[in-house]
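Asks: Below are the structure tokens for one structure; questions will follow.
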6 protein chains.
Amino acid sequence: MLETMILEERIDYTGDQLRSHFVREKAGITADGVVAFRGACAVTGPRLVDIEDAEQHSSIIAEEMLHFIGEHFECTLREANYRLRLFVSILSETIRELAPELVITRDGDDLYLLGKKLTVAIATVTPVSTVFHCGVNIDPRGAPVPATGLAEIGVDEDRFTAAVLDRYRQECLSIDLAIRKVRGVG
Amino acid sequence: MLETMILEERIDYTGDQLRSHFVREKAGITADGVVAFRGACAVTGPRLVDIEDAEQHSSIIAEEMLHFIGEHFECTLREANYRLRLFVSILSETIRELAPELVITRDGDDLYLLGKKLTVAIATVTPVSTVFHCGVNIDPRGAPVPATGLAEIGVDEDRFTAAVLDRYRQECLSIDLAIRKVRGVG
Amino acid sequence: MLETMILEERIDYTGDQLRSHFVREKAGITADGVVAFRGACAVTGPRLVDIEDAEQHSSIIAEEMLHFIGEHFECTLREANYRLRLFVSILSETIRELAPELVITRDGDDLYLLGKKLTVAIATVTPVSTVFHCGVNIDPRGAPVPATGLAEIGVDEDRFTAAVLDRYRQECLSIDLAIRKVRGVG
Amino acid sequence: MLETMILEERIDYTGDQLRSHFVREKAGITADGVVAFRGACAVTGPRLVDIEDAEQHSSIIAEEMLHFIGEHFECTLREANYRLRLFVSILSETIRELAPELVITRDGDDLYLLGKKLTVAIATVTPVSTVFHCGVNIDPRGAPVPATGLAEIGVDEDRFTAAVLDRYRQECLSIDLAIRKVRGVG
Amino acid sequence: MLETMILEERIDYTGDQLRSHFVREKAGITADGVVAFRGACAVTGPRLVDIEDAEQHSSIIAEEMLHFIGEHFECTLREANYRLRLFVSILSETIRELAPELVITRDGDDLYLLGKKLTVAIATVTPVSTVFHCGVNIDPRGAPVPATGLAEIGVDEDRFTAAVLDRYRQECLSIDLAIRKVRGVG
Amino acid sequence: MLETMILEERIDYTGDQLRSHFVREKAGITADGVVAFRGACAVTGPRLVDIEDAEQHSSIIAEEMLHFIGEHFECTLREANYRLRLFVSILSETIRELAPELVITRDGDDLYLLGKKLTVAIATVTPVSTVFHCGVNIDPRGAPVPATGLAEIGVDEDRFTAAVLDRYRQECLSIDLAIRKVRGVG
């Protein structure tokens with residue numbers, strides 16, 4: 001019970017979009033959902049959800065990103081983090097499929113190409129759900145660390161976006177089936 | 001709170017090893033744990049935990065496998081499946097690191113190389129925990145489907161095993177930290 | 001994610017059918033599911049799941065019943081009981097719709113017509129799920145208490161069965177939507 | 001562990017009453033609880049908890065309602081919705097008992113008489129509990145859809161209120177017992 | 001919703017009593033419950049629930065013990081362990097009250113008097129609940145470690161048993177109230 | 001996975017410290033944690049987390065207290081209350097060890113010496129965790145009820161604080177082990 005949508009609308013990500021029912025409002029999705037959209041990225045100060053970032057007076061900035069925002073109901077923060085890591089694994093696998101020569105490495109929920117950061121990601125709770133944001137650099141200018149983006153590495157955004165959303169939906173479905181097809185053991 | 005151990009002992013996997021406290025018995029681990037060992041694989045009939053396999057009168061057979069058995073306490077079957085998929089992602093990423101030219105694809109909790117099956121995997125519940133088995137073919141002879149193994153693809157087992165266990169331990173630790181470092185949103 | 005099926009096969013209910021994956025085996029349903037079938041009912045002694053019944057050396061017997069067996073995964077025993085009571089409410093509402101003049105009363109998970117028992121019901125856990133059995137008398141002969149059945153009260157079984165399964169599927173779906181459409185309060 | 005009280009005080013319902021510890025404040029109930037009271041109903045704009053209503057710029061209005069507010073601790077939003085539907089089933093069953101000729105139909109957590117809406121209902125979370133509001137029209141004037149009320153259908157409010165609260169308390173108790181009287185199955 | 005009973009019947013504890021619905025069978029308690037009774041204690045080999053004991057080929061033996069068996073429904077194994085430790089704290093506090101000069105020390109779920117073991121305790125899961133056994137030596141003869149008992153330390157069993165059960169019931173009730181009387185914080 | 005720290009900094013407790021990530025901010029702890037510090041105590045009006053206190057227009061005041069603030073993630077409010085009671089039991093046991101002649105009595109999460117109140121305690125939820133405050137009077141002046149403090153009873157604060165934190169860490173660890181070392185029963 002997960003639906004996805006690629007939004008036509010351009011939305012600059014400021015952190016305010018990481019909230020309950022954003023997915024519903026933008027995509028009309030009444031189930032769990034993930035939406036994708038393009039826009040700049042600038043998250044600073046009190047909008048930082050990651051306390052480690054806030055402690056380090058860090059910020060999350062990019063000229064242009066492909067953003068994914070997901071919302072899962074009946075999902076603990078631990079589960080939301082498992083889901084986010086699987087989502088990031090899928091990003092990596094999809095890049096591999098589209099550009100087999102690129103050696104992307106994953107460290108938790110971050111992807112790197114030759115030491116340059118390609119993504120940002122965070123999962124947190126709302127009063128009624130868990131939400132995640134995962135941003136994939138298109139044009140990484142402004143990032144506070146060495147970074148690269150889909151434009152530089154030559155990955156077609158549209159095919160990438162569609163493939164990622166499709167795989168994640170498949171992944172979720174196959175987990176729903178996996179928990180229903182085993183007998184217990186001793 | 002996860003410990004891992006590579007067992008010296010050779011153990012043929014029959015399905016009986018997929019039970020609570022196997023990890024503790026073999027490795028003396030009193031926390032959550034994953035053990036790795038080598039041995040043949042032959043799971044048939046009533047020992048099949050996967051009901052889909054049992055329905056299809058399938059069997060899980062290989063001449064030689066690298067086996068991983070994990071046990072997690074306070075873990076739902078859903079979580080156990082997220083963990084297993086992350087574990088399988090780590091297998092794939094580790095092969096990539098050791099043999100960058102190989103294009104491994106992941107489909108749920110299965111890995112393939114050019115359509116040949118490299119792994120088997122299942123997660124289930126015990127009365128006190130969840131457990132998983134993930135077997136990586138070394139010599140796939142006997143498998144009921146086209147299959148390959150670490151020997152054929154030239155991946156060094158020892159480095160592979162050590163790297164996989166180390167990454168999974170890191171992954172679990174970093175998730176434990178991730179759920180403790182975010183503020184909630186609206 | 002709930003599927004239903006009316007089985008053509010006649011199955012006498014002995015209590016053995018109240019187990020994990022019965023629904024899957026009979027109906028090929030890989031999601032949560034409810035199946036309906038006809039058959040006698042005779043549950044006695046150690047097959048009684050209800051300890052209150054067992055304590056009273058009671059038994060559950062009817063010449064002919066319409067049986068419903070449901071299986072829900074990721075569902076606590078408490079939830080399984082809420083679901084069962086809603087299911088029994090739906091039985092009552094459907095009878096009302098088909099035979100508006102009948103005054104059915106519900107007491108927990110039992111239905112009565114003028115003091116005569118119409119149904120039996122129980123929910124319990126398996127190692128991997130929760131399951132419920134709800135039996136609606138067609139021909140109540142053999143029951144240890146005053147009882148009636150669909151035959152006597154003139155309710156068409158086929159319309160009844162189809163309507164009940166359809167309503168329960170709708171109920172489950174609408175609850176899945178209900179938890180996704182509210183904001184939290186203070 | 002559920003207590004109920006009929007409040008003497010008249011309270012107009014604006015949505016602000018749907019919050020944690022309202023039941024405790026008004027009734028001195030220190031357990032889970034449900035209170036009933038009379039008052040107008042006018043919930044609009046940002047006070048709407050139902051996002052579907054808010055999206056449709058809907059509002060919840062009635063000249064006079066019988067309001068029920070319940071609070072359950074250690075209760076998920078899913079559970080709160082099961083409880084609410086059982087509560088609404090009980091409303092319907094109680095009307096049936098008091099006025100057997102009326103054919104009330106239930107659609108999720110709404111009751112209708114011949115297509116006219118009789119009730120409104122919603123369940124949501126607070127930081128420490130779940131709460132529900134269920135309003136039964138007495139005088140439905142102002143409602144944005146065709147509606148009826150207890151006055152029109154001739155149901156005695158006092159008997160109705162007392163019976164509903166009593167049944168719901170019994171229902172909760174009997175579920176507490178039901179989960180304690182079954183053995184598990186395979 | 002916890003009831004307690006002191007059984008008149010003498011029951012030798014072999015480990016078989018640590019199972020679901022033992023409390024119900026012996027005391028007729030249909031809620032959560034704790035029963036107390038006297039009897040010998042001899043738990044060895046496969047009846048040991050504590051795998052650490054089984055690994056060490058240990059056994060649990062005493063000539064005469066005061067046994068407490070508790071069963072809690074809707075309770076995780078973690079919770080069951082918290083409850084057991086509180087129960088053991090209450091044992092210690094009650095001894096203190098009855099014999100203020102004795103310096104009892106608690107180490108997890110074990111009590112000692114001057115290095116001599118006074119109690120044994122374990123909590124585990126059943127398919128439908130969690131259960132605990134806590135045995136307080138009366139006559140510790142046969143114990144595999146230095147041990148003492150209520151007889152030697154001069155504590156009146158009857159007053160002790162009644163006070164322990166009463167305090168535990170109060171403790172459980174006051175926790176049920178504590179979770180219902182706080183507002184959340186930021 | 002619990003860390004503790006004794007803060008050098010003096011902090012007056014006003015209730016504002018009872019929030020998520022206070023422990024992390026003050027002690028740099030990225031796991032679950034408990035910090036101890038000295039300071040006055042004055043919690044009044046809307047800062048009271050305990051609704052019972054707020055209802056009674058009570059306040060929590062002391063000239064000087066030893067404060068403990070704990071934060072546990074993935075912990076329900078029920079669990080947080082079990083933990084708090086174990087923490088308070090440990091306070092009592094530690095006083096007993098350091099001053100065996102004092103007869104401290106525990107009532108829920110309060111400690112008394114001869115009817116004089118020694119401690120205050122509360123546990124509640126944040127959006128991402130549960131937190132507790134436990135204050136042990138050093139100088140109880142200002143308390144609204146008869147009270148005593150560590151100064152009066154002659155317990156050395158430094159040894160007390162270190163011993164309490166050490167015991168609680170051991171208690172948590174031993175519970176983590178306890179849930180991993182039992183087999184289930186029938």
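Just remember, in the structure tokens the first chain shown is A, the second B, etc., residues are 1-based per chain, and ligands are 1-based in the order shown.
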Please list as a ChimeraX atom specification every residue within 10 Å of Glu74 in chain D, counting only C-alpha atoms and excluding residues in the same chain fewer than 3 positions away.
Replies: /D:32,77,79-80,128-130 /E:176,179-180 /F:76-78
Asks: Excluding Val185 in chain F and residues on its chain fewer than 6 positions from it, collect all residues at most 8 Å away from it, counting only C-alpha atoms, and give them as an NGL selection string.
Replies: :E and (18-20 or 49 or 124-127)
Asks: Since we have the selection now, will you write its residues out, keeping N, CA, C and O atoms, as a PDB file, in the first residue's frame?
Replies:
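File written: selection_34.pdb
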ATOM      1  N   LEU E  18       5.651 -23.292  34.860  1.00  0.00           N
ATOM      2  CA  LEU E  18       5.930 -22.020  34.187  1.00  0.00           C
ATOM      3  C   LEU E  18       5.374 -22.079  32.764  1.00  0.00           C
ATOM      4  O   LEU E  18       6.095 -22.352  31.807  1.00  0.00           O
ATOM      5  N   ARG E  19       4.087 -21.858  32.670  1.00  0.00           N
ATOM      6  CA  ARG E  19       3.410 -21.944  31.374  1.00  0.00           C
ATOM      7  C   ARG E  19       2.162 -21.084  31.414  1.00  0.00           C
ATOM      8  O   ARG E  19       1.701 -20.676  32.475  1.00  0.00           O
ATOM      9  N   SER E  20       1.611 -20.866  30.224  1.00  0.00           N
ATOM     10  CA  SER E  20       0.429 -20.021  30.129  1.00  0.00           C
ATOM     11  C   SER E  20      -0.749 -20.670  30.846  1.00  0.00           C
ATOM     12  O   SER E  20      -0.908 -21.894  30.833  1.00  0.00           O
ATOM     13  N   VAL E  49      14.657 -23.059  31.824  1.00  0.00           N
ATOM     14  CA  VAL E  49      14.295 -22.032  30.856  1.00  0.00           C
ATOM     15  C   VAL E  49      15.473 -21.100  30.622  1.00  0.00           C
ATOM     16  O   VAL E  49      15.626 -20.506  29.558  1.00  0.00           O
ATOM     17  N   THR E 124       9.851 -15.471  31.114  1.00  0.00           N
ATOM     18  CA  THR E 124       9.934 -15.890  29.706  1.00  0.00           C
ATOM     19  C   THR E 124       8.589 -15.702  29.012  1.00  0.00           C
ATOM     20  O   THR E 124       7.627 -15.227  29.619  1.00  0.00           O
ATOM     21  N   VAL E 125       8.551 -16.060  27.739  1.00  0.00           N
ATOM     22  CA  VAL E 125       7.334 -15.880  26.936  1.00  0.00           C
ATOM     23  C   VAL E 125       6.608 -17.203  26.753  1.00  0.00           C
ATOM     24  O   VAL E 125       7.207 -18.267  26.722  1.00  0.00           O
ATOM     25  N   THR E 126       5.286 -17.110  26.603  1.00  0.00           N
ATOM     26  CA  THR E 126       4.467 -18.217  26.111  1.00  0.00           C
ATOM     27  C   THR E 126       3.889 -17.741  24.774  1.00  0.00           C
ATOM     28  O   THR E 126       4.045 -16.573  24.418  1.00  0.00           O
ATOM     29  N   PRO E 127       3.205 -18.591  24.053  1.00  0.00           N
ATOM     30  CA  PRO E 127       2.623 -18.103  22.797  1.00  0.00           C
ATOM     31  C   PRO E 127       1.616 -16.967  22.975  1.00  0.00           C
ATOM     32  O   PRO E 127       1.385 -16.205  22.045  1.00  0.00           O
TER      33      PRO E 127
END
Asks: Using only C-alpha atoms, which protein or nucleic acid residues come within 12 Å of Ser174 in chain A? Drop anything in the same chain fewer than 4 positions from it, and give the result as a list in words.
Replies: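 Once the adjacent positions are removed, what remains is Met1, Leu2, Arg167, Tyr168, Arg169, Gln170, Ala178, Ile179, Arg180 and Lys181 of chain A; Arg78, Asn81, Tyr82, Arg85, Asp107, Gly108, Asp109 and Asp110 of chain B; Thr30 and Ala31 of chain C.
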Asks: Please run DSSP on the backbone and report, as a PDB file with C-alpha atoms, in the first residue's frame, all residues within range 58-87 of chain A that come out as strand (DSSP E or B).
Replies:
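out.pdb was written with the following content:
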ATOM      1  CA  ILE A  60      22.458  21.402   3.665  1.00  0.00           C
ATOM      2  CA  ILE A  61      22.781  23.362   0.472  1.00  0.00           C
ATOM      3  CA  ALA A  62      22.765  22.600  -3.239  1.00  0.00           C
ATOM      4  CA  GLU A  63      21.945  24.628  -6.324  1.00  0.00           C
ATOM      5  CA  GLU A  64      19.689  21.907  -7.695  1.00  0.00           C
ATOM      6  CA  MET A  65      18.576  18.569  -6.347  1.00  0.00           C
ATOM      7  CA  LEU A  66      16.259  15.750  -7.146  1.00  0.00           C
ATOM      8  CA  HIS A  67      14.225  15.457  -3.945  1.00  0.00           C
ATOM      9  CA  PHE A  68      12.339  12.449  -2.661  1.00  0.00           C
ATOM     10  CA  ILE A  69       9.943  12.831   0.255  1.00  0.00           C
ATOM     11  CA  GLY A  70       8.350   9.739   1.696  1.00  0.00           C
ATOM     12  CA  GLU A  71       5.730   9.236   4.360  1.00  0.00           C
ATOM     13  CA  HIS A  72       4.958   5.946   6.073  1.00  0.00           C
TER      14      HIS A  72
END
Asks: Neighbours of Ala121 in chain C within 8 Å (only C-alpha atoms; same-chain residues fewer than 3 positions away dropped), as a list in words?
Replies: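 Using only C-alpha atoms, the neighbours found are Leu84, Asp109, Asp110, Phe132, His133, Cys134 and Gly135 of chain C.
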Asks: I need the chosen residues saved as a PDB file, in the first residue's frame, with N, CA, C and O atoms.
Replies:
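So part.pdb came out as:
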ATOM      1  N   LEU C  84     -12.396  -9.181  14.904  1.00  0.00           N
ATOM      2  CA  LEU C  84     -13.434 -10.207  14.967  1.00  0.00           C
ATOM      3  C   LEU C  84     -14.779  -9.584  15.354  1.00  0.00           C
ATOM      4  O   LEU C  84     -15.829  -9.920  14.807  1.00  0.00           O
ATOM      5  N   ASP C 109     -18.648 -11.332  20.754  1.00  0.00           N
ATOM      6  CA  ASP C 109     -18.528 -11.903  19.408  1.00  0.00           C
ATOM      7  C   ASP C 109     -19.569 -12.991  19.141  1.00  0.00           C
ATOM      8  O   ASP C 109     -19.373 -13.832  18.260  1.00  0.00           O
ATOM      9  N   ASP C 110     -20.677 -12.940  19.854  1.00  0.00           N
ATOM     10  CA  ASP C 110     -21.789 -13.861  19.607  1.00  0.00           C
ATOM     11  C   ASP C 110     -23.017 -13.111  19.104  1.00  0.00           C
ATOM     12  O   ASP C 110     -23.335 -12.044  19.622  1.00  0.00           O
ATOM     13  N   PHE C 132      -8.727 -16.057  12.906  1.00  0.00           N
ATOM     14  CA  PHE C 132     -10.018 -16.163  13.576  1.00  0.00           C
ATOM     15  C   PHE C 132     -10.892 -17.173  12.846  1.00  0.00           C
ATOM     16  O   PHE C 132     -10.724 -17.414  11.641  1.00  0.00           O
ATOM     17  N   HIS C 133     -11.792 -17.774  13.601  1.00  0.00           N
ATOM     18  CA  HIS C 133     -12.845 -18.596  13.035  1.00  0.00           C
ATOM     19  C   HIS C 133     -14.169 -17.991  13.465  1.00  0.00           C
ATOM     20  O   HIS C 133     -14.351 -17.665  14.649  1.00  0.00           O
ATOM     21  N   CYS C 134     -15.060 -17.820  12.515  1.00  0.00           N
ATOM     22  CA  CYS C 134     -16.410 -17.406  12.843  1.00  0.00           C
ATOM     23  C   CYS C 134     -17.339 -18.332  12.083  1.00  0.00           C
ATOM     24  O   CYS C 134     -17.275 -18.434  10.850  1.00  0.00           O
ATOM     25  N   GLY C 135     -18.170 -19.036  12.811  1.00  0.00           N
ATOM     26  CA  GLY C 135     -19.092 -19.977  12.180  1.00  0.00           C
ATOM     27  C   GLY C 135     -20.524 -19.501  12.361  1.00  0.00           C
ATOM     28  O   GLY C 135     -20.930 -19.156  13.481  1.00  0.00           O
TER      29      GLY C 135
END
Asks: Rank C:Ser89, C:Asn137, C:Thr4, C:Thr148 by their smallest atom-to-atom distance to Lys116 in chain C, using only C-alpha atoms, and report the top residue only.
Replies: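 Using only C-alpha atoms, Lys116 in chain C sits closest to C:Thr148.
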Asks: Any idea what's packed within 7 Å of Tyr13 in chain D, counting only C-alpha atoms, ignoring anything in its chain fewer than 4 positions away? Could you give it as a list in words?
Replies: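 Contacts, in chain order: Gln17, Gly39, Ala40, Cys41 and Ala42 of chain D.
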Asks: Just asking: which residues within range 1-183 of chain F are helix (DSSP H, G or I) according to DSSP, as a PyMOL selection string?
Replies: chain F and resi 22-27+45-47+51-55+77-98+150-153+157-178
